[in-house]
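Encoded as structure tokens, the structure appears first; notes follow it.
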Amino acid sequence: MRPTMTSRERLLAAIRHEETDMVPFAPVIRNYVLEKFGGADWLQKLRLKKYFDFDPIIILGRSRSMPPFHNYMFNVGGHYYDGRGFCEDLEPGVKIYLKVERQKDTTTIYREVETPAGRLKDVTLQPRPDAGYGIWPQGTKKEFLIKEPEDLEKVAYLLPKRPQKTLMADATEIVELVGEEALVGVTIHSPLTYQAADACGVENLMIWYYENKPFLLDIIRLFHEHCMHKAKTYLEAGMKFIHMGWWLESISTGWSPAMHRELFLPYIKEQIDLIHSYDALAWFYDDGKMMKILPELKEAKPDIVSSLTPPPVGDVDLKEAKELIGEDVCLKGNIDSVYHITRGTPQIIEEAVKEALRIGAPGSGFILSNSDPFFGVPEENIKAYFEAGRKYGRLSYG
Amino acid sequence: MAEMTKRERLLTAIGHKEPDFVPVSPIIRNHLMQNKGCACWIQKYNASKELDYDPIITVNRSRIMDPFHNHMFNVGGHYYDGRGYYEDLEEGVMIHLSVDRKEDHTLIKRRVETPAGELIDVTRQPLPEKGYGLWPQPHKEEYPVKGREDLDKLLYLLPKKPQLPAMANLKDSIEFVGDDGLVAATVHSPLSYQGGYAYGLEDLMMLYYEEKDFFKDFLQIFHQHCLKMIDMYLEAGVEVIHMGWWQESLGSGWSPSIYQEMFAPLLREQVERIRSSGGISWFYDDGKMKKLLPLLREIKPDIVSTLTPPPMGDVELREAKEMIGDVICLRGNIDQVHVMEKGTVELIREKVREAIVAAAKGGGFILSNADPFYDTKEENVRAFCEAAREFGNYKHLGESR
């Protein structure tokens with residue numbers, strides 16, 4: 001069957017539960033392109049389209065050097081932007097002292113922040129890539145920035161109020177340049193993801209749920225407000241597609257379904273409502289166990305839900321998920337990035353793709369994808385995945 | 001003649017043949033920054049489509065896209081996609097930064113501990129839109145290099161490897177631009193944004209007289225770093241190396257004889273390195289250039305810009321064409337202040353026509369402005385590009401038909 005839709009048209013139609021010429025296929029390719037091309041920016045994701053036929057969803061601001069709001073929780077060192085000064089996004093009166101120690105395979109960054117409300121301190125260990133810590137190693141905190149309730153007022157000085165103008169200008173231009181080749185959006189990480197969890201430690205947050213709940217609620221509220229502020233800024237600038245990265249609130253991180261409902265659902269809803277009020281699309285992303293939060297998501301009504309990880313890494317049965325929320329929400333995912341793609345064989349991948357499409361494709365509202373980024377995958381598996389994704393995606397509606 | 005692609009038009013002109021039209025390639029960075037909020041390659045590319053000009057896009061001029069972090073100019077270090085903070089520095093280096101956000105500037109005190117000893121500098125970074133212009137340069141209150149003993153330490157601040165994600169972006173932007181223009185990587189000269197921020201230009205001028213050997217060694221460190229960057233860019237598939245040599249300029253205060261003695265050998269080596277790898281060398285000096293032209297004729301970069309006319313510069317375009325135009329492609333020389341910013345549409349049209357008549361015959365000419373303009377009306381920018389197409393048709397050069 002000849003394609004009659006562009007990648008962007010196909011993805012948008014599936015999200016709206018409309019008929020498509022074939023099932024859209026949008027693998028999560030970030031780590032793969034970083035490994036293959038040395039970068040994981042929008043250009044490299046588009047470059048992969050020259051090798052394989054698929055429908056990219058490109059999320060700007062995922063690249064750690066590019067989000068228009070510098071994240072001082074995660075990237076502790078401050079930042080330059082084109083034509084702006086170092087730490088220019090902070091308010092006058094803030095002072096930062098950094099001691100950066102380059103070791104063999106890590107960098108240790110000692111930071112002290114002096115704000116009008118008082119001092120904060122943290123220590124971050126940043127492993128180097130290609131030095132035994134994987135392709136995209138996360139920093140670990142030896143000391144967290146937020147230690148007690150008094151620190152919240154201080155940490156507010158590290159949440160930039162204005163976006164970096166130059167990068168905001170880029171976002172809308174990139175949407176235009178990419179055109180019909182892909183669907184382009186921006187990321188807003190959740191209150192915990194790369195934010196409160198990096199400022200406090202996720203284990204501490206869990207303990208505070210029992211020991212000092214008002215403190216935990218204030219933390220979540222502070223970062224949620226920052227999320228809302230960022231989302232509004234993007235939406236006002238004309239962005240129409242927001243990726244909501246909520247993996248550190250995941251059940252797999254250790255939160256109970258009851259906590260998820262109590263602590264996080266109200267904010268998920270508030271963010272989705274805001275996005276919808278601008279006539280934009282909301283994509284909810286949780287790469288852990290999701291079965292027990294699907295009823296919540298049915299209430300919150302994001303436009304897309306991913307990544308629907310199957311057992312043993314996750315717990316999602318796609319058939320059940322489709323029945324539970326598939327009528328209202330477009331599902332994206334469910335190919336296991338470890339057991340199918342990385343450790344599987346071409347036959348296993350082909351079967352997994354066929355099965356996911358058999359269940360997910362009927363009635364539209366499905367985007368075939370993997371449950372998490374993959375790397376270190378044999379090239380024959382990559383080839384099998386991309387070929388099967390397109391071949392059976394065509395047959396599903398053919 | 002069939003219309004050429006923008007890339008063909010530029011390459012034909014650089015190769016000293018006559019294309020269909022005189023290529024027009026304005027330096028539009030500050031204008032875009034002012035009007036679009038950003039001046040990275042994406043904005044330049046889009047502007048070239050909108051205004052129909054022939055861009056040579058310097059992709060890594062954007063400070064967030066430079067694969068080699070410049071620790072002289074951007075003292076704060078940098079994150080790159082998927083890499084750590086200061087990951088480009090060698091093991092054993094320790095950086096102490098004190099960043100003090102003031103009302104209209106940021107004061108950054110830096111102490112660098114290296115295995116060879118300690119360097120200290122203090123940088124005042126003015127904020128844009130606070131009375132310091134659109135794109136304010138940092139001001140050094142204390143330079144990191146104070147004496148010869150600091151040269152070994154300086155080496156620890158010159159990254160040996162490029163940042164891979166930024167290199168990947170560079171390659172992809174070349175492919176993205178394709179036939180719509182040329183993509184260049186900038187390698188700043190030993191002094192521009194490098195030595196000039198490590199020691200201070202006035203002090204370097206004194207050093208020439210007081211400790212010439214130290215001065216030579218100082219230049220050599222940054223020159224070797226330039227050669228390394230050139231090699232890596234060319235290996236990555238960059239066709240055009242934009243050589244930003246404005247702090248060595250006669251306009252900065254160096255004499256022609258100092259230039260000949262101190263800078264020319266380094267410039268020659270860089271141009272030859274680019275040529276030997278099949279690249280295109282684009283020499284850029286936005287100051288007074290007239291007395292440099294004989295030297296440039298010997299060194300033979302492929303493109304020379306910006307050929308600034310009086311009163312800011314001293315280049316008379318017809319004379320430059322006669323002196324070097326048979327071996328070097330000229331790029332410039334429209335005055336960005338008196339013509340582009342303060343001039344009328346009529347004046348712009350006339351100056352464009354004059355430049356084309358003076359320099360376009362036989363190819364080897366790219367029309368441009370002598371330096372970035374801002375506070376310039378959109379109608380003036382449009383008039384500049386339109387006049388280039390109107391008067392730049394090689395079937396009737398300089399005539400409007």
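Note on naming: chains are A, B, ... as they come in the structure tokens, residues start from 1 per chain, ligands start from 1 in the order shown.
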
Chain A contacts to chain B at 8 Å (only C-alpha atoms) as a PDB file with N, CA, C and O atoms, in the first residue's frame:
```
ATOM      1  N   LEU A  34      22.381   8.799  19.752  1.00  0.00           N
ATOM      2  CA  LEU A  34      23.562   9.304  20.468  1.00  0.00           C
ATOM      3  C   LEU A  34      24.741   8.358  20.223  1.00  0.00           C
ATOM      4  O   LEU A  34      25.870   8.787  19.962  1.00  0.00           O
ATOM      5  N   PHE A  37      25.361   8.472  16.053  1.00  0.00           N
ATOM      6  CA  PHE A  37      25.789   9.719  15.413  1.00  0.00           C
ATOM      7  C   PHE A  37      26.566  10.651  16.353  1.00  0.00           C
ATOM      8  O   PHE A  37      27.041  11.703  15.924  1.00  0.00           O
ATOM      9  N   GLY A  38      26.618  10.315  17.637  1.00  0.00           N
ATOM     10  CA  GLY A  38      27.352  11.175  18.576  1.00  0.00           C
ATOM     11  C   GLY A  38      26.521  12.291  19.173  1.00  0.00           C
ATOM     12  O   GLY A  38      27.006  13.061  19.975  1.00  0.00           O
ATOM     13  N   GLY A  39      25.264  12.414  18.764  1.00  0.00           N
ATOM     14  CA  GLY A  39      24.395  13.458  19.311  1.00  0.00           C
ATOM     15  C   GLY A  39      22.956  12.974  19.270  1.00  0.00           C
ATOM     16  O   GLY A  39      22.635  12.051  18.515  1.00  0.00           O
ATOM     17  N   ALA A  40      22.100  13.574  20.097  1.00  0.00           N
ATOM     18  CA  ALA A  40      20.701  13.128  20.132  1.00  0.00           C
ATOM     19  C   ALA A  40      19.770  14.323  20.024  1.00  0.00           C
ATOM     20  O   ALA A  40      18.733  14.381  20.668  1.00  0.00           O
ATOM     21  N   ASP A  41      20.179  15.278  19.225  1.00  0.00           N
ATOM     22  CA  ASP A  41      19.362  16.464  19.031  1.00  0.00           C
ATOM     23  C   ASP A  41      18.374  16.201  17.883  1.00  0.00           C
ATOM     24  O   ASP A  41      18.413  15.153  17.249  1.00  0.00           O
ATOM     25  N   LEU A  43      18.301  17.164  14.912  1.00  0.00           N
ATOM     26  CA  LEU A  43      18.939  16.908  13.618  1.00  0.00           C
ATOM     27  C   LEU A  43      19.335  15.441  13.464  1.00  0.00           C
ATOM     28  O   LEU A  43      19.208  14.855  12.394  1.00  0.00           O
ATOM     29  N   GLN A  44      19.840  14.851  14.557  1.00  0.00           N
ATOM     30  CA  GLN A  44      20.241  13.455  14.471  1.00  0.00           C
ATOM     31  C   GLN A  44      19.013  12.547  14.355  1.00  0.00           C
ATOM     32  O   GLN A  44      19.054  11.515  13.691  1.00  0.00           O
ATOM     33  N   ARG A  47      18.106  12.683  10.947  1.00  0.00           N
ATOM     34  CA  ARG A  47      19.094  11.980  10.112  1.00  0.00           C
ATOM     35  C   ARG A  47      18.768  10.480  10.033  1.00  0.00           C
ATOM     36  O   ARG A  47      18.962   9.845   9.002  1.00  0.00           O
ATOM     37  N   SER A  63      17.393  17.569  25.000  1.00  0.00           N
ATOM     38  CA  SER A  63      18.827  17.739  24.944  1.00  0.00           C
ATOM     39  C   SER A  63      19.201  18.621  26.124  1.00  0.00           C
ATOM     40  O   SER A  63      18.671  19.703  26.297  1.00  0.00           O
ATOM     41  N   ARG A  64      20.123  18.145  26.940  1.00  0.00           N
ATOM     42  CA  ARG A  64      20.384  18.854  28.203  1.00  0.00           C
ATOM     43  C   ARG A  64      21.015  20.222  27.993  1.00  0.00           C
ATOM     44  O   ARG A  64      21.070  21.037  28.884  1.00  0.00           O
ATOM     45  N   SER A  65      21.549  20.448  26.820  1.00  0.00           N
ATOM     46  CA  SER A  65      22.174  21.747  26.599  1.00  0.00           C
ATOM     47  C   SER A  65      21.168  22.735  26.032  1.00  0.00           C
ATOM     48  O   SER A  65      21.486  23.878  25.798  1.00  0.00           O
ATOM     49  N   ASN A  75      21.437  20.302  36.205  1.00  0.00           N
ATOM     50  CA  ASN A  75      22.693  20.818  35.634  1.00  0.00           C
ATOM     51  C   ASN A  75      23.221  21.902  36.567  1.00  0.00           C
ATOM     52  O   ASN A  75      22.912  23.075  36.407  1.00  0.00           O
ATOM     53  N   GLY A  77      25.855  23.450  37.100  1.00  0.00           N
ATOM     54  CA  GLY A  77      26.931  24.410  36.821  1.00  0.00           C
ATOM     55  C   GLY A  77      26.530  25.732  36.227  1.00  0.00           C
ATOM     56  O   GLY A  77      27.380  26.575  36.007  1.00  0.00           O
ATOM     57  N   GLY A  78      25.270  25.945  35.946  1.00  0.00           N
ATOM     58  CA  GLY A  78      24.932  27.199  35.259  1.00  0.00           C
ATOM     59  C   GLY A  78      25.211  27.057  33.781  1.00  0.00           C
ATOM     60  O   GLY A  78      25.711  26.024  33.326  1.00  0.00           O
ATOM     61  N   HIS A  79      24.895  28.065  33.016  1.00  0.00           N
ATOM     62  CA  HIS A  79      24.920  27.869  31.579  1.00  0.00           C
ATOM     63  C   HIS A  79      25.129  29.175  30.833  1.00  0.00           C
ATOM     64  O   HIS A  79      24.693  30.213  31.267  1.00  0.00           O
ATOM     65  N   TYR A  80      25.768  29.062  29.696  1.00  0.00           N
ATOM     66  CA  TYR A  80      25.814  30.158  28.728  1.00  0.00           C
ATOM     67  C   TYR A  80      24.735  29.958  27.698  1.00  0.00           C
ATOM     68  O   TYR A  80      24.423  28.830  27.334  1.00  0.00           O
ATOM     69  N   TYR A  81      24.231  31.009  27.177  1.00  0.00           N
ATOM     70  CA  TYR A  81      23.365  30.912  26.011  1.00  0.00           C
ATOM     71  C   TYR A  81      23.875  31.930  25.014  1.00  0.00           C
ATOM     72  O   TYR A  81      24.536  32.892  25.383  1.00  0.00           O
ATOM     73  N   ASP A  82      23.497  31.698  23.802  1.00  0.00           N
ATOM     74  CA  ASP A  82      23.920  32.537  22.704  1.00  0.00           C
ATOM     75  C   ASP A  82      23.627  34.010  23.014  1.00  0.00           C
ATOM     76  O   ASP A  82      22.474  34.411  23.109  1.00  0.00           O
ATOM     77  N   GLY A  83      24.669  34.778  23.189  1.00  0.00           N
ATOM     78  CA  GLY A  83      24.474  36.210  23.374  1.00  0.00           C
ATOM     79  C   GLY A  83      24.033  36.612  24.764  1.00  0.00           C
ATOM     80  O   GLY A  83      23.709  37.767  25.000  1.00  0.00           O
ATOM     81  N   ARG A  84      23.982  35.683  25.686  1.00  0.00           N
ATOM     82  CA  ARG A  84      23.603  36.021  27.047  1.00  0.00           C
ATOM     83  C   ARG A  84      24.772  35.677  27.964  1.00  0.00           C
ATOM     84  O   ARG A  84      25.677  34.939  27.600  1.00  0.00           O
ATOM     85  N   GLY A  85      24.714  36.154  29.159  1.00  0.00           N
ATOM     86  CA  GLY A  85      25.804  35.887  30.087  1.00  0.00           C
ATOM     87  C   GLY A  85      25.612  34.593  30.850  1.00  0.00           C
ATOM     88  O   GLY A  85      24.584  33.935  30.749  1.00  0.00           O
ATOM     89  N   PHE A  86      26.628  34.235  31.603  1.00  0.00           N
ATOM     90  CA  PHE A  86      26.606  33.034  32.431  1.00  0.00           C
ATOM     91  C   PHE A  86      25.639  33.268  33.596  1.00  0.00           C
ATOM     92  O   PHE A  86      25.705  34.298  34.265  1.00  0.00           O
ATOM     93  N   CYS A  87      24.729  32.327  33.835  1.00  0.00           N
ATOM     94  CA  CYS A  87      23.739  32.425  34.928  1.00  0.00           C
ATOM     95  C   CYS A  87      22.890  33.679  34.806  1.00  0.00           C
ATOM     96  O   CYS A  87      22.379  34.198  35.800  1.00  0.00           O
ATOM     97  N   GLU A  88      22.716  34.167  33.600  1.00  0.00           N
ATOM     98  CA  GLU A  88      21.992  35.420  33.367  1.00  0.00           C
ATOM     99  C   GLU A  88      20.524  35.287  33.718  1.00  0.00           C
ATOM    100  O   GLU A  88      19.837  36.277  33.961  1.00  0.00           O
ATOM    101  N   LEU A  90      19.292  34.047  36.395  1.00  0.00           N
ATOM    102  CA  LEU A  90      19.014  34.167  37.830  1.00  0.00           C
ATOM    103  C   LEU A  90      18.778  35.630  38.219  1.00  0.00           C
ATOM    104  O   LEU A  90      19.156  36.544  37.491  1.00  0.00           O
ATOM    105  N   GLU A  91      18.177  35.818  39.375  1.00  0.00           N
ATOM    106  CA  GLU A  91      17.848  37.173  39.827  1.00  0.00           C
ATOM    107  C   GLU A  91      19.080  37.861  40.419  1.00  0.00           C
ATOM    108  O   GLU A  91      19.950  37.195  40.990  1.00  0.00           O
ATOM    109  N   PRO A  92      19.128  39.186  40.314  1.00  0.00           N
ATOM    110  CA  PRO A  92      20.228  39.903  40.980  1.00  0.00           C
ATOM    111  C   PRO A  92      20.230  39.578  42.477  1.00  0.00           C
ATOM    112  O   PRO A  92      19.177  39.394  43.084  1.00  0.00           O
ATOM    113  N   GLY A  93      21.424  39.489  43.028  1.00  0.00           N
ATOM    114  CA  GLY A  93      21.524  39.202  44.459  1.00  0.00           C
ATOM    115  C   GLY A  93      21.855  37.748  44.744  1.00  0.00           C
ATOM    116  O   GLY A  93      22.218  37.397  45.863  1.00  0.00           O
ATOM    117  N   VAL A  94      21.758  36.897  43.714  1.00  0.00           N
ATOM    118  CA  VAL A  94      22.120  35.479  43.902  1.00  0.00           C
ATOM    119  C   VAL A  94      23.612  35.319  43.602  1.00  0.00           C
ATOM    120  O   VAL A  94      24.120  35.862  42.627  1.00  0.00           O
ATOM    121  N   LYS A  95      24.287  34.566  44.476  1.00  0.00           N
ATOM    122  CA  LYS A  95      25.707  34.276  44.244  1.00  0.00           C
ATOM    123  C   LYS A  95      25.890  32.761  44.239  1.00  0.00           C
ATOM    124  O   LYS A  95      25.290  32.072  45.069  1.00  0.00           O
ATOM    125  N   ILE A  96      26.709  32.288  43.306  1.00  0.00           N
ATOM    126  CA  ILE A  96      26.965  30.840  43.244  1.00  0.00           C
ATOM    127  C   ILE A  96      28.470  30.600  43.358  1.00  0.00           C
ATOM    128  O   ILE A  96      29.256  31.250  42.657  1.00  0.00           O
ATOM    129  N   TYR A  97      28.838  29.707  44.238  1.00  0.00           N
ATOM    130  CA  TYR A  97      30.246  29.310  44.345  1.00  0.00           C
ATOM    131  C   TYR A  97      30.343  27.871  43.883  1.00  0.00           C
ATOM    132  O   TYR A  97      29.650  26.993  44.415  1.00  0.00           O
ATOM    133  N   LEU A  98      31.196  27.640  42.925  1.00  0.00           N
ATOM    134  CA  LEU A  98      31.348  26.283  42.383  1.00  0.00           C
ATOM    135  C   LEU A  98      32.792  25.833  42.530  1.00  0.00           C
ATOM    136  O   LEU A  98      33.713  26.602  42.243  1.00  0.00           O
ATOM    137  N   LYS A  99      32.962  24.602  42.965  1.00  0.00           N
ATOM    138  CA  LYS A  99      34.293  23.998  42.899  1.00  0.00           C
ATOM    139  C   LYS A  99      34.135  22.749  42.051  1.00  0.00           C
ATOM    140  O   LYS A  99      33.355  21.853  42.394  1.00  0.00           O
ATOM    141  N   VAL A 100      34.830  22.729  40.933  1.00  0.00           N
ATOM    142  CA  VAL A 100      34.665  21.629  39.981  1.00  0.00           C
ATOM    143  C   VAL A 100      35.972  20.841  39.934  1.00  0.00           C
ATOM    144  O   VAL A 100      37.020  21.387  39.586  1.00  0.00           O
ATOM    145  N   GLU A 101      35.889  19.589  40.273  1.00  0.00           N
ATOM    146  CA  GLU A 101      37.099  18.775  40.360  1.00  0.00           C
ATOM    147  C   GLU A 101      37.039  17.661  39.323  1.00  0.00           C
ATOM    148  O   GLU A 101      36.186  16.779  39.408  1.00  0.00           O
ATOM    149  N   ARG A 102      37.918  17.736  38.337  1.00  0.00           N
ATOM    150  CA  ARG A 102      37.927  16.707  37.289  1.00  0.00           C
ATOM    151  C   ARG A 102      38.754  15.507  37.746  1.00  0.00           C
ATOM    152  O   ARG A 102      39.964  15.629  37.936  1.00  0.00           O
ATOM    153  N   GLN A 103      38.075  14.374  37.921  1.00  0.00           N
ATOM    154  CA  GLN A 103      38.788  13.147  38.271  1.00  0.00           C
ATOM    155  C   GLN A 103      38.819  12.224  37.062  1.00  0.00           C
ATOM    156  O   GLN A 103      38.294  12.572  36.013  1.00  0.00           O
ATOM    157  N   LYS A 104      39.407  11.045  37.264  1.00  0.00           N
ATOM    158  CA  LYS A 104      39.649  10.150  36.119  1.00  0.00           C
ATOM    159  C   LYS A 104      38.348   9.862  35.328  1.00  0.00           C
ATOM    160  O   LYS A 104      38.285  10.094  34.144  1.00  0.00           O
ATOM    161  N   THR A 107      33.411  13.822  37.478  1.00  0.00           N
ATOM    162  CA  THR A 107      33.672  15.209  37.875  1.00  0.00           C
ATOM    163  C   THR A 107      32.850  15.453  39.140  1.00  0.00           C
ATOM    164  O   THR A 107      31.666  15.111  39.178  1.00  0.00           O
ATOM    165  N   GLN A 126      29.397  13.622  38.823  1.00  0.00           N
ATOM    166  CA  GLN A 126      28.960  13.453  37.442  1.00  0.00           C
ATOM    167  C   GLN A 126      29.883  12.459  36.738  1.00  0.00           C
ATOM    168  O   GLN A 126      31.023  12.792  36.416  1.00  0.00           O
ATOM    169  N   PRO A 127      29.420  11.228  36.510  1.00  0.00           N
ATOM    170  CA  PRO A 127      30.284  10.269  35.806  1.00  0.00           C
ATOM    171  C   PRO A 127      30.472  10.676  34.352  1.00  0.00           C
ATOM    172  O   PRO A 127      29.587  11.302  33.768  1.00  0.00           O
ATOM    173  N   ARG A 128      31.598  10.331  33.809  1.00  0.00           N
ATOM    174  CA  ARG A 128      31.839  10.641  32.392  1.00  0.00           C
ATOM    175  C   ARG A 128      31.200   9.573  31.517  1.00  0.00           C
ATOM    176  O   ARG A 128      31.209   8.397  31.876  1.00  0.00           O
ATOM    177  N   PRO A 129      30.698   9.980  30.369  1.00  0.00           N
ATOM    178  CA  PRO A 129      30.217   8.956  29.442  1.00  0.00           C
ATOM    179  C   PRO A 129      31.422   8.146  28.936  1.00  0.00           C
ATOM    180  O   PRO A 129      32.552   8.638  28.981  1.00  0.00           O
ATOM    181  N   ILE A 135      26.132   5.183  28.233  1.00  0.00           N
ATOM    182  CA  ILE A 135      26.288   6.184  27.192  1.00  0.00           C
ATOM    183  C   ILE A 135      25.834   7.563  27.662  1.00  0.00           C
ATOM    184  O   ILE A 135      26.275   8.599  27.175  1.00  0.00           O
ATOM    185  N   TRP A 136      24.937   7.595  28.645  1.00  0.00           N
ATOM    186  CA  TRP A 136      24.333   8.850  29.051  1.00  0.00           C
ATOM    187  C   TRP A 136      24.187   8.837  30.568  1.00  0.00           C
ATOM    188  O   TRP A 136      23.077   8.821  31.098  1.00  0.00           O
ATOM    189  N   PRO A 137      25.319   8.815  31.275  1.00  0.00           N
ATOM    190  CA  PRO A 137      25.216   8.593  32.725  1.00  0.00           C
ATOM    191  C   PRO A 137      24.572   9.766  33.463  1.00  0.00           C
ATOM    192  O   PRO A 137      24.817  10.929  33.130  1.00  0.00           O
ATOM    193  N   LYS A 165      15.792  33.549  25.804  1.00  0.00           N
ATOM    194  CA  LYS A 165      15.129  34.042  24.600  1.00  0.00           C
ATOM    195  C   LYS A 165      15.612  33.332  23.336  1.00  0.00           C
ATOM    196  O   LYS A 165      14.827  32.978  22.461  1.00  0.00           O
ATOM    197  N   THR A 166      16.925  33.123  23.261  1.00  0.00           N
ATOM    198  CA  THR A 166      17.490  32.565  22.032  1.00  0.00           C
ATOM    199  C   THR A 166      16.957  31.157  21.782  1.00  0.00           C
ATOM    200  O   THR A 166      16.681  30.780  20.657  1.00  0.00           O
ATOM    201  N   LEU A 167      16.814  30.378  22.863  1.00  0.00           N
ATOM    202  CA  LEU A 167      16.368  29.007  22.669  1.00  0.00           C
ATOM    203  C   LEU A 167      14.866  28.937  22.433  1.00  0.00           C
ATOM    204  O   LEU A 167      14.382  28.037  21.748  1.00  0.00           O
ATOM    205  N   ALA A 169      13.327  31.134  20.695  1.00  0.00           N
ATOM    206  CA  ALA A 169      13.225  31.488  19.274  1.00  0.00           C
ATOM    207  C   ALA A 169      13.469  30.255  18.419  1.00  0.00           C
ATOM    208  O   ALA A 169      12.794  30.035  17.412  1.00  0.00           O
ATOM    209  N   ASP A 170      14.427  29.433  18.840  1.00  0.00           N
ATOM    210  CA  ASP A 170      14.735  28.225  18.084  1.00  0.00           C
ATOM    211  C   ASP A 170      13.552  27.268  18.008  1.00  0.00           C
ATOM    212  O   ASP A 170      13.281  26.690  16.961  1.00  0.00           O
ATOM    213  N   GLU A 173      10.992  27.916  15.366  1.00  0.00           N
ATOM    214  CA  GLU A 173      11.592  27.824  14.021  1.00  0.00           C
ATOM    215  C   GLU A 173      11.831  26.361  13.637  1.00  0.00           C
ATOM    216  O   GLU A 173      11.680  25.982  12.481  1.00  0.00           O
ATOM    217  N   ILE A 174      12.228  25.554  14.632  1.00  0.00           N
ATOM    218  CA  ILE A 174      12.502  24.141  14.337  1.00  0.00           C
ATOM    219  C   ILE A 174      11.207  23.432  13.918  1.00  0.00           C
ATOM    220  O   ILE A 174      11.203  22.634  12.988  1.00  0.00           O
TER     221      ILE A 174
END
```

TODO: Considering only C-alpha atoms, return as a VMD selection string whatever protein or nucleic-acid residues lie within 12 Å of Gly61 of chain A, sequence-local ones (same chain, fewer than 2 positions apart) excluded.
DONE: (chain A and resid 40 to 42 58 to 59 63 to 71 163 to 164 167 to 168 170 to 171 174 184 to 189 230 234 242 to 245) or (chain B and resid 81)

TODO: Please report, as a PyMOL selection string, each residue of segment 59-236 of chain B to which DSSP assigns alpha helix (DSSP H) when run on this structure's backbone.
DONE: chain B and resi 151-154+164-177+196-198+201-210+212-235

Open item on the list: At a cut-off of 8 Å, using only C-alpha atoms, what residues contact segment 143-158 of chain A? Leave out same-chain residues fewer than 4 positions from it and give the result as a PyMOL selection string.
Closed with: chain A and resi 72-73+90-91+94+115-124+198-201+215+219+222

Serialized selection, N, CA and C atoms, as a compact mmCIF listing (two decimals), in the first residue's frame:
```txt
# COMPACT_ATOMS: atom_id res chain seq x y z
N TYR A 72 18.64 24.16 37.23
CA TYR A 72 19.73 24.25 38.22
C TYR A 72 19.71 23.10 39.22
N MET A 73 18.65 22.26 39.18
CA MET A 73 18.63 21.09 40.05
C MET A 73 19.51 20.01 39.43
N LEU A 90 19.29 34.05 36.40
CA LEU A 90 19.01 34.17 37.83
C LEU A 90 18.78 35.63 38.22
N GLU A 91 18.18 35.82 39.37
CA GLU A 91 17.85 37.17 39.83
C GLU A 91 19.08 37.86 40.42
N VAL A 94 21.76 36.90 43.71
CA VAL A 94 22.12 35.48 43.90
C VAL A 94 23.61 35.32 43.60
N THR A 115 21.47 33.13 48.51
CA THR A 115 20.28 33.83 48.02
C THR A 115 19.86 34.86 49.07
N PRO A 116 18.99 35.79 48.71
CA PRO A 116 18.52 36.74 49.73
C PRO A 116 17.83 36.03 50.90
N ALA A 117 17.39 34.77 50.69
CA ALA A 117 16.71 34.05 51.78
C ALA A 117 17.66 33.15 52.57
N GLY A 118 18.91 33.06 52.15
CA GLY A 118 19.86 32.23 52.88
C GLY A 118 20.69 31.34 51.96
N ARG A 119 21.51 30.47 52.55
CA ARG A 119 22.46 29.65 51.77
C ARG A 119 21.96 28.23 51.54
N LEU A 120 22.37 27.69 50.40
CA LEU A 120 22.10 26.29 50.05
C LEU A 120 23.42 25.66 49.63
N LYS A 121 23.49 24.34 49.74
CA LYS A 121 24.74 23.65 49.41
C LYS A 121 24.42 22.28 48.83
N ASP A 122 25.12 21.87 47.80
CA ASP A 122 25.01 20.47 47.36
C ASP A 122 26.32 19.99 46.75
N VAL A 123 26.42 18.67 46.60
CA VAL A 123 27.60 18.06 45.98
C VAL A 123 27.11 17.03 44.97
N THR A 124 27.61 17.14 43.75
CA THR A 124 27.17 16.26 42.66
C THR A 124 28.35 15.50 42.08
N ASP A 198 16.18 15.59 42.15
CA ASP A 198 17.58 15.98 42.15
C ASP A 198 17.90 16.97 43.26
N ALA A 199 16.89 17.67 43.72
CA ALA A 199 17.11 18.65 44.78
C ALA A 199 17.03 18.01 46.16
N CYS A 200 16.25 16.92 46.28
CA CYS A 200 16.00 16.34 47.61
C CYS A 200 16.38 14.87 47.72
N GLY A 201 16.33 14.14 46.63
CA GLY A 201 16.51 12.68 46.67
C GLY A 201 15.15 12.02 46.77
N PHE A 215 5.75 19.24 54.39
CA PHE A 215 6.99 19.62 53.71
C PHE A 215 7.00 19.02 52.30
N ILE A 219 7.03 20.96 48.67
CA ILE A 219 8.06 20.72 47.64
C ILE A 219 7.39 20.46 46.29
N LEU A 222 5.83 23.58 44.85
CA LEU A 222 6.81 24.55 44.33
C LEU A 222 7.23 24.16 42.91
```

- [ ] Might you pull out every residue within 9 Å of Asp286 of chain B, with only C-alpha atoms counted and same-chain residues fewer than 3 positions away left off, and present them as a PyMOL selection string?
- [x] chain B and resi 245-246+249+251+289+305-308+313+370-371

Open item on the list: Residues within 12 Å of Tyr208 of chain B, please, as a list in words. Count only C-alpha atoms; anything in the same chain fewer than 5 positions from it doesn't count.
Closed with: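 Contacts, in chain order: Leu201, Glu202, Asp203, Asp213, Phe214, Phe215, Lys216, Asp217, Phe218, Leu219, Trp254, Ser255, Ser257, Ile258, Tyr259, Glu261, Met262 and Phe263 of chain B.
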
Open item on the list: I need the residues in segment 56-197 of chain A that are strand (DSSP E or B) according to DSSP; give them as a PyMOL selection string.
Closed with: chain A and resi 57-60+95-102+106-115+118-127+140-143+183-189
